[in-house]
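Visitor: Handing you this structure, nothing more for now.
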Amino acid sequence: MKMLQAFRAVAFIEGITTILLFLVAMPLKYGLGYDALIRPFGMAHGVAWLAYLAAMAVCLPGKGFTIAEWLRTFVFALFPTGTFLNDPLIARRQEQLSRV
């Protein structure tokens, strides 16, 4: 169960960095010409996304996820806020495993 909790934390951070990049840094760059936040926010998001992929590889095996759920978890990370939409799936699995 702790592994899924760790994965959810990494996914949350990845989702927050996506929001910051898309809703703060990019509007400032394209709306006001202020691009100073693009590099640090972009780098933070890139690192968080790689951590998300690593966390998938470390935290999800052996937890009963189907191939479709693995693909869903990966694909949802490709879209802004996708990790938040996928969180209920991970939370349900975490709850199921805690009852066993």
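We name chains A, B, ... following the order of the structure tokens; residues begin at 1 in each chain, and ligands are numbered from 1 as shown.
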Counting only C-alpha atoms, what is within 12 Å of A:Lys63, bar same-chain residues fewer than 3 positions away, as a PyMOL selection string?

Guide: chain A and resi 1-4+7+56-60+66-67+69-70+90-98+100

Visitor: Restricting it to C-alpha atoms, dump the selection as a short mmCIF file (atom, residue, chain, number, x, y, z; two decimals), in the first residue's frame.

Guide:
data_model
loop_
_atom_site.label_atom_id
_atom_site.label_comp_id
_atom_site.auth_asym_id
_atom_site.auth_seq_id
_atom_site.Cartn_x
_atom_site.Cartn_y
_atom_site.Cartn_z
CA MET A 1 0.00 0.00 0.00
CA LYS A 2 2.83 2.41 0.74
CA MET A 3 4.09 2.00 -2.83
CA LEU A 4 0.78 3.19 -4.24
CA PHE A 7 3.10 6.75 -6.65
CA MET A 56 5.20 3.52 -12.44
CA ALA A 57 7.98 0.99 -12.99
CA VAL A 58 8.77 0.68 -9.28
CA CYS A 59 5.44 1.14 -7.51
CA LEU A 60 2.81 -0.51 -9.72
CA THR A 66 -4.33 -4.90 -15.87
CA ILE A 67 -2.48 -4.00 -19.06
CA GLU A 69 -4.88 0.13 -16.50
CA TRP A 70 -1.10 0.38 -17.04
CA ILE A 90 -5.03 4.29 -8.11
CA ALA A 91 -6.93 5.22 -4.94
CA ARG A 92 -9.43 2.37 -5.49
CA ARG A 93 -6.62 -0.12 -5.95
CA GLN A 94 -4.90 1.25 -2.84
CA GLU A 95 -8.13 0.79 -0.88
CA GLN A 96 -8.61 -2.76 -2.22
CA LEU A 97 -5.08 -3.73 -1.21
CA SER A 98 -5.46 -2.22 2.27
CA VAL A 100 -6.55 -7.64 2.09
#

Visitor: Hey, which of A:Ala44, A:Ile38, A:Leu53, A:Leu28 ends up closest to A:Thr83? Count only C-alpha atoms.

Guide: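 Checking each of A:Ala44, A:Ile38, A:Leu53, A:Leu28 against A:Thr83, counting only C-alpha atoms, the winner is A:Leu53.
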
Visitor: Would you list, as a VMD selection string, the residues of chain A that end up in alpha helix (DSSP H) under DSSP run on this structure's backbone?

Guide: chain A and resid 2 to 20 26 to 32 38 to 59 67 to 76 82 to 99

Visitor: Could the residues in this selection be saved with C-alpha atoms as an mmCIF file, in the first residue's frame?

Guide:
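The resulting file, out04.cif, is shown below:
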data_model
loop_
_atom_site.group_PDB
_atom_site.id
_atom_site.type_symbol
_atom_site.label_atom_id
_atom_site.label_comp_id
_atom_site.auth_asym_id
_atom_site.auth_seq_id
_atom_site.Cartn_x
_atom_site.Cartn_y
_atom_site.Cartn_z
ATOM 1 C CA LYS A 2 2.832 2.413 0.736
ATOM 2 C CA MET A 3 4.091 2.005 -2.834
ATOM 3 C CA LEU A 4 0.780 3.194 -4.239
ATOM 4 C CA GLN A 5 0.787 6.076 -1.779
ATOM 5 C CA ALA A 6 4.254 7.028 -3.036
ATOM 6 C CA PHE A 7 3.096 6.750 -6.648
ATOM 7 C CA ARG A 8 0.116 8.991 -5.954
ATOM 8 C CA ALA A 9 2.425 11.596 -4.388
ATOM 9 C CA VAL A 10 4.706 11.567 -7.436
ATOM 10 C CA ALA A 11 1.663 11.777 -9.738
ATOM 11 C CA PHE A 12 0.326 14.745 -7.760
ATOM 12 C CA ILE A 13 3.647 16.584 -8.087
ATOM 13 C CA GLU A 14 3.735 15.820 -11.815
ATOM 14 C CA GLY A 15 0.219 17.189 -12.180
ATOM 15 C CA ILE A 16 1.025 20.369 -10.249
ATOM 16 C CA THR A 17 4.130 21.044 -12.350
ATOM 17 C CA THR A 18 2.015 20.617 -15.488
ATOM 18 C CA ILE A 19 -0.527 23.129 -14.229
ATOM 19 C CA LEU A 20 2.196 25.614 -13.293
ATOM 20 C CA MET A 26 3.207 29.784 -20.727
ATOM 21 C CA PRO A 27 0.567 32.529 -20.398
ATOM 22 C CA LEU A 28 3.246 34.862 -19.036
ATOM 23 C CA LYS A 29 5.491 34.057 -21.986
ATOM 24 C CA TYR A 30 2.914 34.272 -24.751
ATOM 25 C CA GLY A 31 0.655 36.894 -23.190
ATOM 26 C CA LEU A 32 3.176 39.284 -21.673
ATOM 27 C CA ILE A 38 9.583 28.701 -18.849
ATOM 28 C CA ARG A 39 12.992 27.140 -18.242
ATOM 29 C CA PRO A 40 12.659 26.396 -14.490
ATOM 30 C CA PHE A 41 9.011 25.318 -14.688
ATOM 31 C CA GLY A 42 9.700 23.273 -17.811
ATOM 32 C CA MET A 43 12.676 21.596 -16.160
ATOM 33 C CA ALA A 44 10.682 20.871 -12.995
ATOM 34 C CA HIS A 45 7.901 19.356 -15.075
ATOM 35 C CA GLY A 46 10.350 17.274 -17.116
ATOM 36 C CA VAL A 47 11.976 15.880 -13.994
ATOM 37 C CA ALA A 48 8.564 15.218 -12.426
ATOM 38 C CA TRP A 49 7.381 13.399 -15.558
ATOM 39 C CA LEU A 50 10.467 11.192 -15.588
ATOM 40 C CA ALA A 51 9.942 10.523 -11.874
ATOM 41 C CA TYR A 52 6.338 9.570 -12.685
ATOM 42 C CA LEU A 53 7.535 7.024 -15.250
ATOM 43 C CA ALA A 54 10.106 5.651 -12.811
ATOM 44 C CA ALA A 55 7.464 5.464 -10.081
ATOM 45 C CA MET A 56 5.195 3.517 -12.440
ATOM 46 C CA ALA A 57 7.982 0.993 -12.991
ATOM 47 C CA VAL A 58 8.774 0.680 -9.280
ATOM 48 C CA CYS A 59 5.436 1.143 -7.510
ATOM 49 C CA ILE A 67 -2.482 -4.004 -19.063
ATOM 50 C CA ALA A 68 -5.300 -1.584 -19.885
ATOM 51 C CA GLU A 69 -4.877 0.133 -16.499
ATOM 52 C CA TRP A 70 -1.098 0.380 -17.042
ATOM 53 C CA LEU A 71 -1.689 1.961 -20.462
ATOM 54 C CA ARG A 72 -4.313 4.292 -19.032
ATOM 55 C CA THR A 73 -1.931 5.384 -16.271
ATOM 56 C CA PHE A 74 0.766 6.126 -18.845
ATOM 57 C CA VAL A 75 -1.503 7.835 -21.386
ATOM 58 C CA PHE A 76 -3.167 10.026 -18.772
ATOM 59 C CA GLY A 82 -4.569 13.579 -16.678
ATOM 60 C CA THR A 83 -2.847 12.342 -13.550
ATOM 61 C CA PHE A 84 -5.623 13.880 -11.470
ATOM 62 C CA LEU A 85 -8.242 12.108 -13.593
ATOM 63 C CA ASN A 86 -6.400 8.810 -13.132
ATOM 64 C CA ASP A 87 -5.992 9.182 -9.363
ATOM 65 C CA PRO A 88 -9.349 7.588 -8.473
ATOM 66 C CA LEU A 89 -8.214 4.364 -10.179
ATOM 67 C CA ILE A 90 -5.026 4.287 -8.109
ATOM 68 C CA ALA A 91 -6.932 5.221 -4.937
ATOM 69 C CA ARG A 92 -9.432 2.374 -5.487
ATOM 70 C CA ARG A 93 -6.617 -0.116 -5.945
ATOM 71 C CA GLN A 94 -4.897 1.249 -2.841
ATOM 72 C CA GLU A 95 -8.134 0.788 -0.884
ATOM 73 C CA GLN A 96 -8.609 -2.756 -2.221
ATOM 74 C CA LEU A 97 -5.078 -3.726 -1.209
ATOM 75 C CA SER A 98 -5.460 -2.224 2.267
ATOM 76 C CA ARG A 99 -8.481 -4.467 2.922
#
